[in-house]
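Structure data (mmCIF, C-alpha atoms) from structure-v2.cif:
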data_my_file
#
loop_
_atom_site.label_atom_id
_atom_site.label_comp_id
_atom_site.auth_asym_id
_atom_site.auth_seq_id
_atom_site.Cartn_x
_atom_site.Cartn_y
_atom_site.Cartn_z
CA MET H 1256 87.26 126.97 103.38
CA GLN H 1257 89.75 124.74 105.20
CA ASN H 1258 92.19 126.15 107.75
CA THR H 1259 95.85 125.27 107.28
CA LEU H 1260 97.18 123.74 110.50
CA LEU H 1261 100.70 122.82 109.33
CA GLU H 1262 102.65 124.34 106.46
CA LEU H 1263 106.18 123.44 105.37
CA GLN H 1264 107.80 126.16 103.28
CA ASP H 1265 110.88 125.18 101.23
CA LEU H 1266 111.93 122.94 104.13
CA THR H 1267 115.52 121.75 103.62
CA VAL H 1268 118.12 119.99 105.74
CA ARG H 1269 121.66 119.00 104.86
CA PHE H 1270 123.93 116.61 106.72
CA GLY H 1271 127.37 117.40 105.32
CA GLY H 1272 127.09 116.80 101.57
CA LEU H 1273 123.76 114.93 101.85
CA CYS H 1274 120.55 116.88 101.27
CA ALA H 1275 118.07 114.67 103.16
CA VAL H 1276 115.04 116.94 102.61
CA ASN H 1277 115.12 119.37 99.70
CA LYS H 1278 112.75 122.36 99.43
CA LEU H 1279 109.70 120.47 100.69
CA ASN H 1280 106.46 122.42 100.41
CA MET H 1281 103.26 120.92 101.78
CA LYS H 1282 100.19 121.75 103.84
CA VAL H 1283 98.02 119.81 106.27
CA ASN H 1284 94.56 121.23 106.93
CA THR H 1285 92.71 121.05 110.24
CA GLY H 1286 90.74 117.80 110.52
CA GLU H 1287 92.53 116.20 107.59
CA ALA H 1288 94.43 112.90 107.40
CA VAL H 1289 97.46 113.11 105.11
CA GLY H 1290 99.81 110.27 104.22
CA LEU H 1291 103.53 110.77 103.64
CA ILE H 1292 104.91 107.89 101.62
CA GLY H 1293 108.00 107.02 99.59
CA PRO H 1294 110.77 104.43 99.26
CA ASN H 1295 113.13 103.75 102.17
CA GLY H 1296 115.56 106.64 102.61
CA ALA H 1297 113.24 109.14 100.90
CA GLY H 1298 113.41 111.58 103.84
CA LYS H 1299 110.05 110.93 105.48
CA THR H 1300 111.17 110.50 109.10
CA THR H 1301 113.72 113.30 108.64
CA ALA H 1302 110.82 115.58 107.63
CA PHE H 1303 108.99 114.55 110.82
CA ASN H 1304 112.11 115.31 112.86
CA LEU H 1305 112.29 118.78 111.30
CA VAL H 1306 108.65 119.47 112.19
CA VAL H 1307 109.05 118.45 115.85
CA GLY H 1308 112.40 120.17 116.41
CA VAL H 1309 114.74 117.16 116.60
CA TYR H 1310 116.66 118.71 113.69
CA LYS H 1311 116.93 122.37 112.78
CA PRO H 1312 116.39 123.04 109.07
CA SER H 1313 119.21 124.37 106.92
CA GLU H 1314 116.60 126.45 105.08
CA GLY H 1315 112.85 126.96 105.07
CA LYS H 1316 110.13 127.26 107.68
CA VAL H 1317 107.68 125.19 109.71
CA ILE H 1318 104.42 127.07 110.32
CA PHE H 1319 102.01 125.51 112.82
CA ASP H 1320 98.65 127.02 113.70
CA ASN H 1321 99.71 130.35 112.09
CA GLU H 1322 102.93 130.50 114.14
CA ASP H 1323 106.52 130.07 112.94
CA ILE H 1324 107.89 127.23 115.10
CA THR H 1325 111.03 126.64 113.03
CA GLY H 1326 113.90 125.43 115.22
CA LEU H 1327 112.01 125.44 118.54
CA PRO H 1328 112.99 122.59 120.89
CA PRO H 1329 110.80 119.44 120.86
CA ASN H 1330 109.29 120.02 124.32
CA GLU H 1331 108.01 123.47 123.30
CA ILE H 1332 106.63 122.15 120.01
CA CYS H 1333 104.85 119.35 121.87
CA LYS H 1334 103.25 121.90 124.23
CA LYS H 1335 102.01 123.87 121.22
CA GLY H 1336 100.03 120.82 120.08
CA ILE H 1337 102.11 118.44 117.97
CA GLY H 1338 102.34 114.83 119.16
CA ARG H 1339 104.39 112.13 117.48
CA THR H 1340 105.14 108.43 117.60
CA PHE H 1341 108.41 106.73 116.69
CA GLN H 1342 109.20 103.88 114.27
CA VAL H 1343 110.91 101.91 117.04
CA VAL H 1344 108.67 101.84 120.10
CA LYS H 1345 110.52 102.32 123.37
CA PRO H 1346 108.12 102.31 126.31
CA PHE H 1347 109.32 102.88 129.85
CA GLY H 1348 109.57 99.14 130.48
CA LYS H 1349 109.69 99.23 134.28
CA MET H 1350 106.67 101.51 134.53
CA THR H 1351 103.05 100.43 134.20
CA VAL H 1352 100.89 101.21 131.18
CA LEU H 1353 99.08 103.86 133.24
CA GLN H 1354 102.36 105.50 134.29
CA ASN H 1355 103.64 105.52 130.70
CA ILE H 1356 100.56 107.36 129.48
CA MET H 1357 100.66 109.74 132.45
CA ALA H 1358 104.18 110.71 131.34
CA GLY H 1359 102.60 112.10 128.17
CA ALA H 1360 99.86 113.87 130.12
CA PHE H 1361 102.43 115.69 132.30
CA VAL H 1362 103.36 117.78 129.24
CA ASN H 1363 100.31 119.94 129.98
CA THR H 1364 99.74 119.56 133.72
CA ALA H 1365 101.80 119.33 136.89
CA LYS H 1366 98.90 117.78 138.81
CA THR H 1367 99.16 114.01 139.31
CA GLN H 1368 95.40 113.53 139.64
CA GLU H 1369 94.74 115.40 136.40
CA ALA H 1370 97.43 113.43 134.57
CA ARG H 1371 95.91 110.18 135.86
CA GLN H 1372 92.46 111.27 134.65
CA ILE H 1373 93.77 112.14 131.17
CA ALA H 1374 95.68 108.83 131.03
CA SER H 1375 92.58 106.86 132.06
CA GLU H 1376 90.50 108.48 129.30
CA VAL H 1377 93.19 107.77 126.69
CA MET H 1378 93.60 104.17 127.90
CA GLU H 1379 89.91 103.55 127.40
CA LYS H 1380 89.97 105.00 123.86
CA MET H 1381 93.01 102.93 122.94
CA GLY H 1382 91.67 99.66 124.37
CA LEU H 1383 94.41 99.38 127.00
CA GLN H 1384 92.22 99.54 130.12
CA SER H 1385 92.77 95.85 130.93
CA LYS H 1386 96.56 96.38 130.82
CA ARG H 1387 96.44 99.40 133.15
CA ASP H 1388 98.69 97.96 135.89
CA LYS H 1389 100.87 95.74 133.66
CA LEU H 1390 104.51 96.67 133.19
CA ALA H 1391 105.08 98.06 129.71
CA ALA H 1392 107.93 95.56 129.19
CA SER H 1393 105.38 92.72 129.33
CA LEU H 1394 103.26 94.00 126.42
CA THR H 1395 103.10 92.39 122.97
CA ILE H 1396 104.24 94.35 119.90
CA PRO H 1397 100.66 95.38 118.92
CA GLU H 1398 100.02 96.50 122.52
CA ARG H 1399 103.29 98.49 122.55
CA LYS H 1400 102.22 100.21 119.32
CA ARG H 1401 98.93 101.18 120.99
CA LEU H 1402 100.81 102.41 124.03
CA GLU H 1403 103.06 104.52 121.80
CA MET H 1404 99.98 106.18 120.27
CA ALA H 1405 98.39 106.54 123.72
CA LYS H 1406 101.43 108.36 125.15
CA ALA H 1407 101.34 110.80 122.24
CA LEU H 1408 97.56 111.22 122.50
CA ALA H 1409 97.88 112.05 126.22
CA THR H 1410 99.79 115.22 125.27
CA ARG H 1411 96.45 116.46 123.85
CA PRO H 1412 97.76 117.16 120.33
CA LYS H 1413 96.00 119.15 117.62
CA LEU H 1414 98.26 117.37 115.11
CA MET H 1415 99.52 113.80 115.46
CA LEU H 1416 102.52 112.57 113.48
CA LEU H 1417 102.33 108.77 113.17
CA ASP H 1418 105.57 107.09 112.06
CA GLU H 1419 104.90 103.55 110.76
CA VAL H 1420 102.56 102.56 113.59
CA LEU H 1421 101.26 99.64 111.49
CA ALA H 1422 104.67 98.08 110.77
CA GLY H 1423 105.01 94.51 112.03
CA LEU H 1424 101.28 94.00 112.59
CA ASN H 1425 99.21 91.18 111.06
CA PRO H 1426 96.13 92.00 108.91
CA THR H 1427 93.68 91.81 111.85
CA GLU H 1428 95.89 94.02 114.02
CA ILE H 1429 96.25 96.50 111.14
CA GLN H 1430 92.46 96.64 110.80
CA ASP H 1431 92.11 97.36 114.53
CA ALA H 1432 94.80 100.07 114.37
CA VAL H 1433 93.10 101.72 111.37
CA LEU H 1434 89.88 101.95 113.39
CA LEU H 1435 91.78 103.53 116.30
CA ILE H 1436 93.36 106.14 114.00
CA LYS H 1437 89.97 106.91 112.46
CA SER H 1438 88.53 107.39 115.96
CA MET H 1439 91.31 109.93 116.70
CA ILE H 1440 90.32 111.86 113.57
CA LYS H 1441 86.67 111.72 114.64
CA ASP H 1442 87.72 113.19 118.02
CA GLY H 1443 89.27 116.17 116.23
CA VAL H 1444 92.94 115.18 115.92
CA THR H 1445 94.56 116.04 112.58
CA ILE H 1446 96.80 113.24 111.26
CA LEU H 1447 100.02 113.21 109.24
CA MET H 1448 101.25 109.65 108.86
CA ILE H 1449 104.20 107.79 107.38
CA GLU H 1450 103.20 104.28 106.37
CA HIS H 1451 104.37 101.51 104.04
CA VAL H 1452 101.09 99.59 104.35
CA LEU H 1453 99.53 101.42 101.41
CA GLN H 1454 96.08 99.82 101.67
CA ALA H 1455 95.76 101.13 105.21
CA THR H 1456 97.08 104.56 104.19
CA MET H 1457 94.46 104.71 101.44
CA ALA H 1458 91.74 103.70 103.90
CA ILE H 1459 92.67 106.51 106.31
CA CYS H 1460 94.02 109.41 104.23
CA GLU H 1461 92.16 111.65 101.80
CA ARG H 1462 95.44 113.04 100.48
CA ILE H 1463 98.91 111.57 100.00
CA VAL H 1464 102.30 113.24 99.50
CA VAL H 1465 105.09 111.16 97.95
CA LEU H 1466 108.76 111.83 98.74
CA ASN H 1467 111.73 110.51 96.78
CA TYR H 1468 115.36 111.47 97.43
CA GLY H 1469 114.15 114.16 99.83
CA GLN H 1470 111.95 115.91 97.27
CA LYS H 1471 108.20 115.93 96.71
CA LEU H 1472 107.52 113.62 93.78
CA ALA H 1473 103.72 113.71 93.73
CA GLU H 1474 100.65 114.79 95.69
CA GLY H 1475 96.97 113.97 95.35
CA THR H 1476 94.21 111.58 96.31
CA PRO H 1477 95.18 107.95 96.95
CA GLU H 1478 93.85 107.02 93.50
CA GLN H 1479 95.84 109.77 91.76
CA VAL H 1480 99.05 108.89 93.56
CA THR H 1481 98.89 105.12 93.08
CA GLY H 1482 98.21 105.62 89.36
CA ASN H 1483 101.12 108.05 88.92
CA GLU H 1484 103.87 106.63 86.68
CA GLU H 1485 106.65 108.48 88.47
CA VAL H 1486 105.50 107.05 91.80
CA ILE H 1487 105.37 103.51 90.39
CA LYS H 1488 108.92 103.95 89.02
CA ALA H 1489 110.18 105.19 92.39
CA TYR H 1490 108.77 102.15 94.18
CA LEU H 1491 109.14 99.37 91.63
CA GLY H 1492 111.57 100.56 88.93
CA ASP H 1493 111.19 101.47 85.26
CA ASP H 1494 110.13 97.97 84.14
CA TYR H 1495 106.89 98.15 86.11
CA ALA H 1496 105.89 101.67 85.14
#

Would you mind writing the file out in structure tokens?
Amino acid sequence: MQNTLLELQDLTVRFGGLCAVNKLNMKVNTGEAVGLIGPNGAGKTTAFNLVVGVYKPSEGKVIFDNEDITGLPPNEICKKGIGRTFQVVKPFGKMTVLQNIMAGAFVNTAKTQEARQIASEVMEKMGLQSKRDKLAASLTIPERKRLEMAKALATRPKLMLLDEVLAGLNPTEIQDAVLLIKSMIKDGVTILMIEHVLQATMAICERIVVLNYGQKLAEGTPEQVTGNEEVIKAYLGDDYA
């Protein structure tokens, strides 16, 4: 029997008259990789922001590791074991790669030596060792994406929320990133990811949840979801369905 690590219960948020996420119910089990997909504006990143405390829900609950974390501030949620990346990567440009990753490690330790050790281990896993002393501003886009994941990984998360980490990468870079994400899963990190590169999502995730207009449209294996008529309509319109 699988343990539920994250559960969203009737999660809802309204911005004025706009209901950006509407009664979203979903679970992520420990050790699982789940994809969250949907057309632009479907509410995917808003759902992430509700989970990590950037927004407070209008209704509903976020349960993480059997604890109600609804409305807690982001720093407390991060300490409880949820890491996340952002669509637009913004490294600390005037700091080195090592220093950037150490910033993530300081979530759980006040000791510089310990933070450096954690950062060094993460750098090795993420293939950034050769860039250790380079300024983050000098990195390429693929390297910045890796650094973004590395900073989040240095917080020692149980659950990692990945927000379009493959966007803007070429096919070879996507393949490399998929292998990195799979290695995180192998190391015991549970993954919930937003991604428009569906082939990569299908290669990583055993289950996919589809959002449309803030509501759950479908849920199932990659094969079930990509064959779902309602999902095809949402992405491509009635003519294709």

I'd like to see the residues matched by the PyMOL selection byres ((chain H and resi 1309-1311) around 9) on this file, and ideally I'd get them as a short mmCIF file (atom, residue, chain, number, x, y, z; two decimals) with C-alpha atoms, in the coordinates of the input.
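Saved as out_27.cif:
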data_model
loop_
_atom_site.label_atom_id
_atom_site.label_comp_id
_atom_site.auth_asym_id
_atom_site.auth_seq_id
_atom_site.Cartn_x
_atom_site.Cartn_y
_atom_site.Cartn_z
CA VAL H 1268 118.12 119.99 105.74
CA THR H 1301 113.72 113.30 108.64
CA ALA H 1302 110.82 115.58 107.63
CA PHE H 1303 108.99 114.55 110.82
CA ASN H 1304 112.11 115.31 112.86
CA LEU H 1305 112.29 118.78 111.30
CA VAL H 1306 108.65 119.47 112.19
CA VAL H 1307 109.05 118.45 115.85
CA GLY H 1308 112.40 120.17 116.41
CA PRO H 1312 116.39 123.04 109.07
CA SER H 1313 119.21 124.37 106.92
CA GLU H 1314 116.60 126.45 105.08
CA THR H 1325 111.03 126.64 113.03
CA GLY H 1326 113.90 125.43 115.22
CA LEU H 1327 112.01 125.44 118.54
CA PRO H 1328 112.99 122.59 120.89
CA PRO H 1329 110.80 119.44 120.86
#

## Note on the structure
Residue with the minimum atom-to-atom distance to Val1352 in chain H, picked from H:Gly1382, H:Gly1293, H:Pro1477, H:Gly1443 with only C-alpha atoms counted, is H:Gly1382

### Task
With the file shown as input, list the residues that the PyMOL selection byres ((chain H and resi 1402) around 9) selects, as a ChimeraX atom specification.
/H:1344,1346,1352,1355-1356,1378,1381,1383,1391,1397-1401,1403-1407

### Query
On this structure, which residues satisfy the PyMOL selection byres ((chain H and resi 1446-1454) around 8), written as a list in words?
Val1283, Gly1286, Glu1287, Ala1288, Val1289, Gly1290, Leu1291, Ile1292, Gly1293, Lys1299, Thr1300, Leu1414, Met1415, Leu1416, Leu1417, Asp1418, Glu1419, Val1420, Leu1421, Ala1422, Ile1440, Val1444, Thr1445, Ala1455, Thr1456, Met1457 and Ala1458 of chain H

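Restricting the calculation to all atoms listed in the file, the smallest distance between Asp1442 in chain H and any of H:Gly1348, H:Pro1412, H:Pro1426, H:Gly1469 is found for H:Pro1412.
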
With 6 Å on each side, where is the centre of the axis-aligned box around all listed atoms of range 1393-1400 of chain H, and how long are its edges in Å to one decimal, as AutoDock Vina command-line options?
--center_x 102.7 --center_y 96.3 --center_z 124.1 --size_x 17.4 --size_y 19.8 --size_z 22.4
